[in-house]
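Chemist: coords.tsv is reproduced in full below (TSV, C-alpha atoms (C1' of nucleotides)).
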```
chain	number	residue	atom	x	y	z
A	1	MET	CA	-28.26	-24.03	24.02
A	2	PRO	CA	-30.09	-22.27	26.89
A	3	ASN	CA	-29.19	-18.80	28.01
A	4	VAL	CA	-25.44	-18.71	28.43
A	5	ALA	CA	-25.53	-16.15	31.23
A	6	ALA	CA	-23.26	-13.14	30.83
A	7	LEU	CA	-21.16	-13.75	27.77
A	8	PRO	CA	-17.97	-11.69	27.97
A	9	LEU	CA	-18.93	-9.28	25.23
A	10	ILE	CA	-16.11	-6.97	26.17
A	11	GLN	CA	-12.69	-8.47	25.75
A	12	PRO	CA	-10.22	-6.20	27.49
A	13	GLU	CA	-7.29	-8.26	26.27
A	14	VAL	CA	-8.09	-7.52	22.63
A	15	GLU	CA	-6.27	-4.29	21.89
A	16	PRO	CA	-8.64	-2.50	19.56
A	17	CYS	CA	-6.38	-1.57	16.73
A	18	CYS	CA	-3.65	0.71	17.08
A	19	PRO	CA	0.07	0.61	16.70
A	20	PRO	CA	0.93	4.33	16.87
A	21	LEU	CA	0.69	5.72	13.37
A	22	ALA	CA	3.79	7.87	13.23
A	23	GLU	CA	6.11	5.58	15.15
A	24	ARG	CA	6.91	3.19	12.34
A	25	PRO	CA	5.34	2.14	9.04
A	26	LEU	CA	2.34	-0.10	9.62
A	27	THR	CA	2.58	-3.71	8.52
A	28	ALA	CA	0.03	-5.05	6.05
A	29	ASP	CA	-1.87	-6.79	8.85
A	30	GLU	CA	-1.97	-3.77	11.10
A	31	ALA	CA	-3.09	-1.59	8.22
A	32	GLU	CA	-5.82	-4.03	7.34
A	33	ARG	CA	-7.25	-4.01	10.84
A	34	THR	CA	-6.92	-0.29	11.41
A	35	ALA	CA	-8.34	0.62	8.01
A	36	LYS	CA	-11.55	-1.23	8.84
A	37	MET	CA	-12.32	1.21	11.61
A	38	PHE	CA	-11.57	4.32	9.61
A	39	LYS	CA	-13.55	2.90	6.74
A	40	ALA	CA	-16.54	2.51	9.04
A	41	LEU	CA	-16.46	6.25	9.68
A	42	GLY	CA	-15.81	7.01	6.01
A	43	ASP	CA	-19.46	7.20	5.02
A	44	PRO	CA	-21.56	10.32	5.68
A	45	VAL	CA	-24.63	8.39	6.78
A	46	ARG	CA	-22.64	6.24	9.18
A	47	LEU	CA	-20.89	9.29	10.54
A	48	ARG	CA	-24.22	10.96	11.21
A	49	LEU	CA	-25.59	7.85	12.88
A	50	PHE	CA	-22.50	7.51	14.99
A	51	SER	CA	-22.52	11.16	15.93
A	52	ALA	CA	-26.18	10.88	16.85
A	53	VAL	CA	-25.46	7.99	19.20
A	54	ALA	CA	-22.34	9.59	20.66
A	55	SER	CA	-24.07	12.89	21.32
A	56	HIS	CA	-27.14	11.27	22.82
A	57	GLU	CA	-27.64	11.19	26.53
A	58	GLY	CA	-25.30	8.65	28.06
A	59	GLY	CA	-23.68	7.80	24.73
A	60	GLU	CA	-26.62	5.53	24.06
A	61	ALA	CA	-29.62	5.84	21.77
A	62	CYS	CA	-32.55	3.86	20.48
A	63	VAL	CA	-32.62	3.31	16.73
A	64	CYS	CA	-35.89	5.17	16.64
A	65	ASP	CA	-34.13	8.27	17.99
A	66	ILE	CA	-31.50	8.45	15.28
A	67	SER	CA	-33.17	7.11	12.14
A	68	ASP	CA	-33.77	10.54	10.69
A	69	VAL	CA	-30.82	10.72	8.32
A	70	GLY	CA	-32.60	10.68	4.99
A	71	VAL	CA	-32.25	7.02	4.04
A	72	SER	CA	-34.62	4.09	4.36
A	73	GLN	CA	-34.94	2.00	7.50
A	74	PRO	CA	-33.13	-1.04	6.05
A	75	THR	CA	-30.24	1.21	5.09
A	76	VAL	CA	-30.05	2.60	8.61
A	77	SER	CA	-29.98	-0.94	9.97
A	78	HIS	CA	-27.29	-1.90	7.52
A	79	HIS	CA	-25.05	0.99	8.52
A	80	LEU	CA	-25.52	0.36	12.21
A	81	LYS	CA	-24.45	-3.21	11.61
A	82	LYS	CA	-21.30	-2.01	9.88
A	83	LEU	CA	-20.45	0.28	12.78
A	84	LYS	CA	-21.01	-2.61	15.14
A	85	GLU	CA	-18.80	-4.94	13.13
A	86	ALA	CA	-16.08	-2.33	13.19
A	87	GLY	CA	-16.24	-2.33	16.98
A	88	LEU	CA	-17.34	1.29	17.23
A	89	LEU	CA	-20.83	0.58	18.52
A	90	SER	CA	-22.48	-2.14	20.53
A	91	SER	CA	-26.17	-2.93	20.64
A	92	GLU	CA	-28.61	-4.29	23.16
A	93	ARG	CA	-32.29	-5.09	22.88
A	94	ARG	CA	-34.44	-3.82	25.73
A	95	GLY	CA	-38.03	-4.76	25.19
A	96	THR	CA	-39.37	-3.34	22.00
A	97	TRP	CA	-36.40	-1.16	21.17
A	98	VAL	CA	-32.75	-1.76	20.34
A	99	TYR	CA	-30.22	0.59	21.86
A	100	TYR	CA	-26.82	1.36	20.40
A	101	ARG	CA	-23.95	2.77	22.42
A	102	VAL	CA	-20.45	3.96	21.64
A	103	GLU	CA	-17.35	1.97	22.55
A	104	PRO	CA	-15.19	4.62	24.21
A	105	ALA	CA	-12.02	2.51	24.35
A	106	VAL	CA	-11.90	1.99	20.60
A	107	LEU	CA	-12.57	5.65	19.93
A	108	ALA	CA	-9.91	6.76	22.34
A	109	ALA	CA	-7.42	4.44	20.68
A	110	MET	CA	-8.21	5.82	17.24
A	111	GLY	CA	-7.94	9.35	18.54
A	112	ALA	CA	-4.58	8.70	20.15
A	113	LEU	CA	-3.38	7.12	16.94
A	114	LEU	CA	-4.03	10.34	15.05
A	115	THR	CA	-2.98	12.72	17.76
A	116	LYS	CA	0.39	11.03	18.08
A	117	ALA	CA	0.83	11.17	14.32
A	118	ALA	CA	0.16	14.89	14.40
A	119	ALA	CA	2.59	15.49	17.24
A	120	ALA	CA	5.46	13.71	15.49
B	1	MET	CA	-2.34	26.44	-22.45
B	2	PRO	CA	1.14	27.55	-21.33
B	3	ASN	CA	2.33	27.14	-17.77
B	4	VAL	CA	-0.20	28.81	-15.50
B	5	ALA	CA	2.36	29.80	-12.86
B	6	ALA	CA	1.60	28.89	-9.23
B	7	LEU	CA	-2.04	27.94	-8.94
B	8	PRO	CA	-3.22	28.34	-5.33
B	9	LEU	CA	-3.45	24.63	-4.58
B	10	ILE	CA	-3.52	25.15	-0.84
B	11	GLN	CA	-6.47	27.09	0.57
B	12	PRO	CA	-5.63	27.96	4.17
B	13	GLU	CA	-9.01	29.51	4.86
B	14	VAL	CA	-10.75	26.14	4.55
B	15	GLU	CA	-11.12	24.86	8.10
B	16	PRO	CA	-10.17	21.21	7.88
B	17	CYS	CA	-13.24	19.40	9.09
B	18	CYS	CA	-14.39	19.09	12.48
B	19	PRO	CA	-17.43	19.95	14.52
B	20	PRO	CA	-16.91	17.88	17.70
B	21	LEU	CA	-18.40	14.45	17.14
B	22	ALA	CA	-20.17	13.83	20.44
B	23	GLU	CA	-21.45	17.33	21.01
B	24	ARG	CA	-24.44	17.18	18.71
B	25	PRO	CA	-25.53	15.13	15.70
B	26	LEU	CA	-23.61	16.12	12.60
B	27	THR	CA	-25.48	17.81	9.80
B	28	ALA	CA	-25.46	16.24	6.34
B	29	ASP	CA	-22.89	18.76	5.13
B	30	GLU	CA	-20.58	18.31	8.08
B	31	ALA	CA	-20.80	14.56	7.77
B	32	GLU	CA	-20.01	14.76	4.07
B	33	ARG	CA	-16.85	16.74	4.64
B	34	THR	CA	-15.65	14.80	7.65
B	35	ALA	CA	-16.33	11.42	6.06
B	36	LYS	CA	-13.99	12.28	3.20
B	37	MET	CA	-11.04	12.36	5.55
B	38	PHE	CA	-11.89	9.15	7.35
B	39	LYS	CA	-12.52	7.52	4.02
B	40	ALA	CA	-9.04	8.47	2.90
B	41	LEU	CA	-7.62	6.47	5.81
B	42	GLY	CA	-10.05	3.62	5.24
B	43	ASP	CA	-7.87	1.74	2.79
B	44	PRO	CA	-5.01	-0.48	3.98
B	45	VAL	CA	-2.62	0.65	1.27
B	46	ARG	CA	-3.30	4.33	1.93
B	47	LEU	CA	-2.91	3.76	5.64
B	48	ARG	CA	0.48	2.16	5.09
B	49	LEU	CA	1.58	4.95	2.79
B	50	PHE	CA	0.41	7.55	5.26
B	51	SER	CA	2.06	5.79	8.16
B	52	ALA	CA	5.26	5.54	6.16
B	53	VAL	CA	5.28	9.30	5.54
B	54	ALA	CA	4.27	10.15	9.09
B	55	SER	CA	6.93	7.95	10.63
B	56	HIS	CA	9.64	9.15	8.29
B	57	GLU	CA	12.20	11.64	9.46
B	58	GLY	CA	10.58	15.05	9.72
B	59	GLY	CA	7.16	13.75	8.71
B	60	GLU	CA	8.31	13.93	5.12
B	61	ALA	CA	9.31	11.27	2.62
B	62	CYS	CA	10.15	10.81	-1.02
B	63	VAL	CA	7.80	8.57	-2.95
B	64	CYS	CA	10.72	6.30	-3.66
B	65	ASP	CA	11.14	5.73	0.08
B	66	ILE	CA	7.61	4.49	0.68
B	67	SER	CA	6.59	2.70	-2.53
B	68	ASP	CA	7.18	-0.73	-1.09
B	69	VAL	CA	3.61	-1.63	-0.17
B	70	GLY	CA	2.96	-4.43	-2.61
B	71	VAL	CA	1.07	-2.57	-5.33
B	72	SER	CA	2.18	-1.11	-8.65
B	73	GLN	CA	3.68	2.34	-9.05
B	74	PRO	CA	0.55	3.84	-10.65
B	75	THR	CA	-1.51	2.56	-7.75
B	76	VAL	CA	0.84	4.15	-5.24
B	77	SER	CA	0.58	7.43	-7.10
B	78	HIS	CA	-3.20	7.14	-7.17
B	79	HIS	CA	-3.42	6.60	-3.42
B	80	LEU	CA	-1.06	9.44	-2.63
B	81	LYS	CA	-3.27	11.68	-4.72
B	82	LYS	CA	-6.30	10.61	-2.72
B	83	LEU	CA	-4.55	11.37	0.56
B	84	LYS	CA	-3.57	14.74	-0.84
B	85	GLU	CA	-7.10	15.54	-1.97
B	86	ALA	CA	-8.34	14.65	1.50
B	87	GLY	CA	-5.96	17.24	2.93
B	88	LEU	CA	-3.92	14.71	4.89
B	89	LEU	CA	-0.76	15.05	2.85
B	90	SER	CA	0.88	17.75	0.80
B	91	SER	CA	3.48	17.26	-1.89
B	92	GLU	CA	6.40	19.17	-3.28
B	93	ARG	CA	8.75	18.40	-6.13
B	94	ARG	CA	12.44	18.89	-5.39
B	95	GLY	CA	14.53	18.10	-8.41
B	96	THR	CA	14.04	14.53	-9.50
B	97	TRP	CA	11.95	13.43	-6.54
B	98	VAL	CA	8.56	14.31	-5.11
B	99	TYR	CA	8.26	14.59	-1.35
B	100	TYR	CA	5.07	14.08	0.61
B	101	ARG	CA	4.53	15.39	4.11
B	102	VAL	CA	1.80	15.10	6.70
B	103	GLU	CA	-0.56	17.96	7.53
B	104	PRO	CA	-0.42	18.01	11.32
B	105	ALA	CA	-3.32	20.42	11.80
B	106	VAL	CA	-5.80	18.20	9.99
B	107	LEU	CA	-4.63	15.14	11.87
B	108	ALA	CA	-4.86	16.86	15.21
B	109	ALA	CA	-8.39	17.97	14.40
B	110	MET	CA	-9.44	14.43	13.49
B	111	GLY	CA	-7.83	13.10	16.64
B	112	ALA	CA	-9.58	15.64	18.83
B	113	LEU	CA	-12.85	14.82	17.16
B	114	LEU	CA	-12.54	11.19	18.24
B	115	THR	CA	-11.03	11.84	21.64
B	116	LYS	CA	-13.85	14.14	22.57
B	117	ALA	CA	-16.36	11.57	21.43
B	118	ALA	CA	-14.72	8.98	23.66
B	119	ALA	CA	-14.69	11.28	26.67
B	120	ALA	CA	-18.38	12.05	26.45
C	1	DC	C1'	20.11	16.86	-28.45
C	2	DA	C1'	19.08	11.87	-26.85
C	3	DC	C1'	18.41	8.86	-23.08
C	4	DC	C1'	17.31	7.34	-18.50
C	5	DT	C1'	14.83	7.52	-14.08
C	6	DG	C1'	11.03	9.01	-11.13
C	7	DT	C1'	6.28	10.20	-10.94
C	8	DA	C1'	1.57	11.18	-12.78
C	9	DT	C1'	-2.33	10.25	-15.89
C	10	DC	C1'	-5.35	7.36	-18.80
C	11	DG	C1'	-8.39	3.59	-19.89
C	12	DA	C1'	-10.21	-0.66	-18.68
C	13	DC	C1'	-11.71	-4.21	-15.64
C	14	DA	C1'	-13.34	-6.64	-11.51
C	15	DC	C1'	-15.03	-6.00	-7.32
C	16	DT	C1'	-17.04	-3.62	-3.40
C	17	DC	C1'	-20.50	-0.66	-1.49
C	18	DG	C1'	-24.72	2.13	-0.64
C	19	DT	C1'	-29.34	1.87	-1.47
C	20	DC	C1'	-33.99	0.21	-1.86
C	21	DA	C1'	-38.32	-2.85	-1.83
C	22	DA	C1'	-39.80	-7.04	-0.08
C	23	DC	C1'	-39.80	-10.10	3.45
C	24	DA	C1'	-38.57	-12.06	8.08
C	25	DT	C1'	-38.12	-11.82	13.00
C	26	DA	C1'	-38.83	-10.17	17.90
C	27	DG	C1'	-41.41	-8.27	21.45
C	28	DA	C1'	-45.76	-5.97	23.33
C	29	DC	C1'	-50.46	-6.20	23.91
C	30	DA	C1'	-55.24	-7.55	23.35
D	1	DT	C1'	-53.80	-16.80	19.52
D	2	DG	C1'	-53.54	-12.76	16.41
D	3	DT	C1'	-52.01	-8.20	15.36
D	4	DC	C1'	-49.26	-4.23	15.54
D	5	DT	C1'	-44.75	-1.90	15.83
D	6	DA	C1'	-39.69	-1.95	15.78
D	7	DT	C1'	-35.73	-3.79	13.79
D	8	DG	C1'	-32.99	-7.04	10.99
D	9	DT	C1'	-32.16	-9.76	6.62
D	10	DT	C1'	-32.32	-10.81	1.69
D	11	DG	C1'	-31.70	-9.99	-3.12
D	12	DA	C1'	-30.88	-6.93	-6.69
D	13	DC	C1'	-29.19	-2.91	-8.99
D	14	DG	C1'	-26.25	1.14	-10.04
D	15	DA	C1'	-22.38	3.85	-8.56
D	16	DG	C1'	-18.00	4.03	-6.78
D	17	DT	C1'	-13.21	2.18	-5.98
D	18	DG	C1'	-8.74	-0.35	-6.24
D	19	DT	C1'	-5.89	-2.27	-9.41
D	20	DC	C1'	-3.14	-2.78	-13.48
D	21	DG	C1'	-0.65	-1.98	-18.12
D	22	DA	C1'	0.29	1.51	-21.27
D	23	DT	C1'	1.52	5.95	-21.81
D	24	DA	C1'	2.83	10.79	-20.80
D	25	DC	C1'	5.43	14.20	-18.37
D	26	DA	C1'	9.43	16.18	-15.62
D	27	DG	C1'	14.05	16.60	-14.53
D	28	DG	C1'	18.83	14.99	-14.50
D	29	DT	C1'	22.89	13.36	-17.18
D	30	DG	C1'	25.65	12.59	-21.00
```
Represent the structure of the file as C-alpha cells.
Modeler:
Amino acid sequence: MPNVAALPLIQPEVEPCCPPLAERPLTADEAERTAKMFKALGDPVRLRLFSAVASHEGGEACVCDISDVGVSQPTVSHHLKKLKEAGLLSSERRGTWVYYRVEPAVLAAMGALLTKAAAA
Amino acid sequence: MPNVAALPLIQPEVEPCCPPLAERPLTADEAERTAKMFKALGDPVRLRLFSAVASHEGGEACVCDISDVGVSQPTVSHHLKKLKEAGLLSSERRGTWVYYRVEPAVLAAMGALLTKAAAA
DNA sequence: CACCTGTATCGACACTCGTCAACATAGACA
DNA sequence: TGTCTATGTTGACGAGTGTCGATACAGGTG
C-alpha cells in the first residue's frame, strides 16, 4: 500500500458525542460513547497534558514541550494516546517531532452538553 | 455517638473547580481537583443517572425514578454517592424518598472550561 | 410495637487503569 | 551505513473501581 494521499482524517458527518444531557435520559449506547470522552479528561496527568496542548500557541504542541508533568516518558505517550483515542487530540509527525493539537469541535460539543444541562 | 445535628455537608466557599483550560497549563493541584469532576462523569452508569436527574422535572428526581439503568440497587446508590462527592449532585431526604438534584453552578463552570478551550 | 418499603453501607471479587523499565521504531545527520 | 534523539510499544505490577449479595438504617403504616 503506497501513500494513500490525504486520508479523510476528519469526518464531519460523525457527530462527536452529544445528545444534550438535560433533554432526556441518555440511552446506554449514548452514555457509553459520551463517558469515554469524560473519562479521558478524568485523570490529572491527562488533564495537564491536554491543558498544555490547548494553551500552547495555535492549540498545537510538540510532545517535547509538554512532557514535564512528573511522570516517565512512556507514561506521557500512553496518556496522549488515550486522549487521541477519545477524539480530543490529533497528532502529526513533522520531521523529528510529533505534534499534538486539540479537536475544537469535540470540545465545543462537550461544553455545550454541560452548559445546556446547567441551564435546564 | 448520638445524632450530631446538621453537619455542614455543603461548603459554599469551595470554588467548584475551574481555572480556564486553554489559558495556561494546569498545575498539578488544579488538575487533581478538576479531574475528579470529569472522572465522575466518566462512567456510563453515572452519566445515565446524572442525565436522568438533569432531565427530570425541575432538575430533581427521586432515586426510585431513575434506578432503571440495569445495575443493582446498591450499585445505583454507590454511583449517586460518587456524583455527590464530586459536587455534581446534592441530595435531600423528604419522607420516605431521597431526592437528588443537579448543581448548576458546577456544571456551568465545567462547560465554560471546555468551551473556552475550544474557542482558543 | 411489628412489618414493609426505600435507600445506604459493608465486604468481597474481578477487572480496569496508571505507572514503570525495557525494548522497538522513526527520522536526522554524519 | 551507523549513531543519536524523539516517540511509541510491550509486559508486568500494584492500586483503584464497578459490581454484587448481604445487611443495616430510616421512615411510613398498621
Chemist: Select all residues from chain C having any atom no more than 12 Å from an atom of chain B (counting all atoms listed in the file, ignoring ligands), output as a short mmCIF file (atom, residue, chain, number, x, y, z; two decimals) with C-alpha atoms (C1' of nucleotides), in the coordinates of the input.
Modeler:
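After the write, result_23.cif holds the following:
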```cif
data_model
loop_
_atom_site.label_atom_id
_atom_site.label_comp_id
_atom_site.auth_asym_id
_atom_site.auth_seq_id
_atom_site.Cartn_x
_atom_site.Cartn_y
_atom_site.Cartn_z
"C1'" DC C 4 17.31 7.34 -18.50
"C1'" DT C 5 14.83 7.52 -14.08
"C1'" DG C 6 11.03 9.01 -11.13
"C1'" DT C 7 6.28 10.20 -10.94
"C1'" DA C 8 1.57 11.18 -12.78
"C1'" DT C 9 -2.33 10.25 -15.89
"C1'" DC C 10 -5.35 7.36 -18.80
#
```
Chemist: What would you get as a PDB file with C-alpha atoms, in the coordinates of the input if chain A were moved onto chain B by least squares over all of its C-alpha atoms in order?
Modeler:
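Contents of out.pdb, as written:
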```
ATOM      1  CA  MET A   1      -1.137  30.134 -19.242  1.00  0.00           C
ATOM      2  CA  PRO A   2       2.475  30.766 -18.126  1.00  0.00           C
ATOM      3  CA  ASN A   3       3.661  29.991 -14.648  1.00  0.00           C
ATOM      4  CA  VAL A   4       1.141  31.476 -12.262  1.00  0.00           C
ATOM      5  CA  ALA A   5       3.699  32.173  -9.547  1.00  0.00           C
ATOM      6  CA  ALA A   6       2.841  30.931  -6.069  1.00  0.00           C
ATOM      7  CA  LEU A   7      -0.674  29.603  -6.217  1.00  0.00           C
ATOM      8  CA  PRO A   8      -2.210  29.645  -2.738  1.00  0.00           C
ATOM      9  CA  LEU A   9      -2.206  25.897  -2.301  1.00  0.00           C
ATOM     10  CA  ILE A  10      -2.957  26.249   1.371  1.00  0.00           C
ATOM     11  CA  GLN A  11      -6.268  27.865   2.114  1.00  0.00           C
ATOM     12  CA  PRO A  12      -6.319  28.738   5.790  1.00  0.00           C
ATOM     13  CA  GLU A  13      -9.916  29.894   5.585  1.00  0.00           C
ATOM     14  CA  VAL A  14     -11.129  26.434   4.587  1.00  0.00           C
ATOM     15  CA  GLU A  15     -11.768  24.663   7.866  1.00  0.00           C
ATOM     16  CA  PRO A  16     -10.700  21.118   7.133  1.00  0.00           C
ATOM     17  CA  CYS A  17     -13.663  19.163   8.310  1.00  0.00           C
ATOM     18  CA  CYS A  18     -14.693  19.050  11.730  1.00  0.00           C
ATOM     19  CA  PRO A  19     -17.712  20.017  13.716  1.00  0.00           C
ATOM     20  CA  PRO A  20     -16.948  18.362  17.075  1.00  0.00           C
ATOM     21  CA  LEU A  21     -18.269  14.831  16.937  1.00  0.00           C
ATOM     22  CA  ALA A  22     -19.899  14.533  20.329  1.00  0.00           C
ATOM     23  CA  GLU A  23     -21.340  18.026  20.532  1.00  0.00           C
ATOM     24  CA  ARG A  24     -24.372  17.456  18.357  1.00  0.00           C
ATOM     25  CA  PRO A  25     -25.448  15.001  15.661  1.00  0.00           C
ATOM     26  CA  LEU A  26     -23.674  15.718  12.391  1.00  0.00           C
ATOM     27  CA  THR A  27     -25.746  16.954   9.480  1.00  0.00           C
ATOM     28  CA  ALA A  28     -25.724  14.979   6.240  1.00  0.00           C
ATOM     29  CA  ASP A  29     -23.331  17.477   4.654  1.00  0.00           C
ATOM     30  CA  GLU A  30     -20.916  17.494   7.546  1.00  0.00           C
ATOM     31  CA  ALA A  31     -20.953  13.715   7.674  1.00  0.00           C
ATOM     32  CA  GLU A  32     -20.280  13.510   3.974  1.00  0.00           C
ATOM     33  CA  ARG A  33     -17.220  15.720   4.200  1.00  0.00           C
ATOM     34  CA  THR A  34     -15.834  14.200   7.369  1.00  0.00           C
ATOM     35  CA  ALA A  35     -16.389  10.630   6.208  1.00  0.00           C
ATOM     36  CA  LYS A  36     -14.180  11.254   3.184  1.00  0.00           C
ATOM     37  CA  MET A  37     -11.175  11.775   5.402  1.00  0.00           C
ATOM     38  CA  PHE A  38     -11.777   8.759   7.588  1.00  0.00           C
ATOM     39  CA  LYS A  39     -12.433   6.706   4.502  1.00  0.00           C
ATOM     40  CA  ALA A  40      -9.039   7.719   3.147  1.00  0.00           C
ATOM     41  CA  LEU A  41      -7.420   6.161   6.206  1.00  0.00           C
ATOM     42  CA  GLY A  42      -9.722   3.136   6.062  1.00  0.00           C
ATOM     43  CA  ASP A  43      -7.502   1.091   3.775  1.00  0.00           C
ATOM     44  CA  PRO A  44      -4.468  -0.813   5.097  1.00  0.00           C
ATOM     45  CA  VAL A  45      -2.237   0.108   2.176  1.00  0.00           C
ATOM     46  CA  ARG A  46      -3.110   3.784   2.435  1.00  0.00           C
ATOM     47  CA  LEU A  47      -2.567   3.701   6.165  1.00  0.00           C
ATOM     48  CA  ARG A  48       0.878   2.211   5.678  1.00  0.00           C
ATOM     49  CA  LEU A  49       1.753   4.774   3.031  1.00  0.00           C
ATOM     50  CA  PHE A  50       0.534   7.579   5.212  1.00  0.00           C
ATOM     51  CA  SER A  51       2.366   6.269   8.234  1.00  0.00           C
ATOM     52  CA  ALA A  52       5.513   5.945   6.158  1.00  0.00           C
ATOM     53  CA  VAL A  53       5.297   9.583   5.102  1.00  0.00           C
ATOM     54  CA  ALA A  54       4.368  10.824   8.570  1.00  0.00           C
ATOM     55  CA  SER A  55       7.190   8.940  10.244  1.00  0.00           C
ATOM     56  CA  HIS A  56       9.757   9.995   7.676  1.00  0.00           C
ATOM     57  CA  GLU A  57      12.209  12.722   8.433  1.00  0.00           C
ATOM     58  CA  GLY A  58      10.445  16.061   8.343  1.00  0.00           C
ATOM     59  CA  GLY A  59       7.048  14.503   7.653  1.00  0.00           C
ATOM     60  CA  GLU A  60       8.057  14.298   4.022  1.00  0.00           C
ATOM     61  CA  ALA A  61       9.097  11.400   1.817  1.00  0.00           C
ATOM     62  CA  CYS A  62       9.848  10.562  -1.775  1.00  0.00           C
ATOM     63  CA  VAL A  63       7.576   7.970  -3.352  1.00  0.00           C
ATOM     64  CA  CYS A  64      10.611   5.811  -3.888  1.00  0.00           C
ATOM     65  CA  ASP A  65      11.158   5.696  -0.118  1.00  0.00           C
ATOM     66  CA  ILE A  66       7.725   4.369   0.746  1.00  0.00           C
ATOM     67  CA  SER A  67       6.712   2.165  -2.180  1.00  0.00           C
ATOM     68  CA  ASP A  68       7.540  -1.043  -0.378  1.00  0.00           C
ATOM     69  CA  VAL A  69       4.062  -2.006   0.774  1.00  0.00           C
ATOM     70  CA  GLY A  70       3.480  -5.112  -1.292  1.00  0.00           C
ATOM     71  CA  VAL A  71       1.393  -3.697  -4.132  1.00  0.00           C
ATOM     72  CA  SER A  72       2.309  -2.593  -7.632  1.00  0.00           C
ATOM     73  CA  GLN A  73       3.596   0.870  -8.456  1.00  0.00           C
ATOM     74  CA  PRO A  74       0.357   2.030 -10.124  1.00  0.00           C
ATOM     75  CA  THR A  75      -1.548   0.981  -7.024  1.00  0.00           C
ATOM     76  CA  VAL A  76       0.800   2.970  -4.813  1.00  0.00           C
ATOM     77  CA  SER A  77       0.276   5.998  -7.035  1.00  0.00           C
ATOM     78  CA  HIS A  78      -3.455   5.523  -6.919  1.00  0.00           C
ATOM     79  CA  HIS A  79      -3.537   5.411  -3.130  1.00  0.00           C
ATOM     80  CA  LEU A  80      -1.312   8.437  -2.777  1.00  0.00           C
ATOM     81  CA  LYS A  81      -3.704  10.303  -5.023  1.00  0.00           C
ATOM     82  CA  LYS A  82      -6.609   9.330  -2.794  1.00  0.00           C
ATOM     83  CA  LEU A  83      -4.789  10.558   0.297  1.00  0.00           C
ATOM     84  CA  LYS A  84      -4.047  13.789  -1.504  1.00  0.00           C
ATOM     85  CA  GLU A  85      -7.652  14.256  -2.570  1.00  0.00           C
ATOM     86  CA  ALA A  86      -8.724  13.734   1.007  1.00  0.00           C
ATOM     87  CA  GLY A  87      -6.452  16.588   2.046  1.00  0.00           C
ATOM     88  CA  LEU A  88      -4.219  14.415   4.208  1.00  0.00           C
ATOM     89  CA  LEU A  89      -1.139  14.669   2.018  1.00  0.00           C
ATOM     90  CA  SER A  90       0.275  17.185  -0.397  1.00  0.00           C
ATOM     91  CA  SER A  91       2.805  16.514  -3.118  1.00  0.00           C
ATOM     92  CA  GLU A  92       5.574  18.412  -4.816  1.00  0.00           C
ATOM     93  CA  ARG A  93       7.872  17.450  -7.655  1.00  0.00           C
ATOM     94  CA  ARG A  94      11.537  18.235  -7.102  1.00  0.00           C
ATOM     95  CA  GLY A  95      13.571  17.182 -10.072  1.00  0.00           C
ATOM     96  CA  THR A  96      13.255  13.515 -10.738  1.00  0.00           C
ATOM     97  CA  TRP A  97      11.340  12.630  -7.606  1.00  0.00           C
ATOM     98  CA  VAL A  98       7.941  13.507  -6.172  1.00  0.00           C
ATOM     99  CA  TYR A  99       7.749  14.187  -2.466  1.00  0.00           C
ATOM    100  CA  TYR A 100       4.660  13.741  -0.334  1.00  0.00           C
ATOM    101  CA  ARG A 101       4.168  15.435   3.011  1.00  0.00           C
ATOM    102  CA  VAL A 102       1.540  15.309   5.722  1.00  0.00           C
ATOM    103  CA  GLU A 103      -0.949  18.113   6.306  1.00  0.00           C
ATOM    104  CA  PRO A 104      -0.682  18.615  10.063  1.00  0.00           C
ATOM    105  CA  ALA A 105      -3.702  20.918  10.367  1.00  0.00           C
ATOM    106  CA  VAL A 106      -6.105  18.370   8.924  1.00  0.00           C
ATOM    107  CA  LEU A 107      -4.701  15.610  11.092  1.00  0.00           C
ATOM    108  CA  ALA A 108      -4.920  17.702  14.205  1.00  0.00           C
ATOM    109  CA  ALA A 109      -8.532  18.521  13.415  1.00  0.00           C
ATOM    110  CA  MET A 110      -9.413  14.863  12.965  1.00  0.00           C
ATOM    111  CA  GLY A 111      -7.635  13.989  16.174  1.00  0.00           C
ATOM    112  CA  ALA A 112      -9.448  16.671  18.130  1.00  0.00           C
ATOM    113  CA  LEU A 113     -12.720  15.474  16.680  1.00  0.00           C
ATOM    114  CA  LEU A 114     -12.179  12.029  18.163  1.00  0.00           C
ATOM    115  CA  THR A 115     -10.584  13.126  21.382  1.00  0.00           C
ATOM    116  CA  LYS A 116     -13.503  15.399  22.174  1.00  0.00           C
ATOM    117  CA  ALA A 117     -15.918  12.581  21.413  1.00  0.00           C
ATOM    118  CA  ALA A 118     -14.066  10.362  23.850  1.00  0.00           C
ATOM    119  CA  ALA A 119     -14.049  12.993  26.573  1.00  0.00           C
ATOM    120  CA  ALA A 120     -17.805  13.567  26.385  1.00  0.00           C
TER     121      ALA A 120
END
```
Chemist: Can you work out which residues from chain B touch chain A at a cut-off of 9 Å (counting only C-alpha atoms) and hand them back as number ranges by chain?
Modeler: B: 20-56, 58-59, 66, 69, 102-120
Chemist: Check every residue of chain D for an atom within 10 Å of chain A, counting only C-alpha atoms (C1' of nucleotides), and provide those that qualify as number ranges by chain.
Modeler: D: 5-9
Chemist: Around all of range 10-18 of chain D's listed atoms, make the axis-aligned box with 6 Å on each side and tell me centre and edge lengths in Å to one decimal, as JSON.
Modeler:
```
{"center_x": -20.5, "center_y": -3.4, "center_z": -4.2, "size_x": 35.6, "size_y": 26.8, "size_z": 23.7}
```
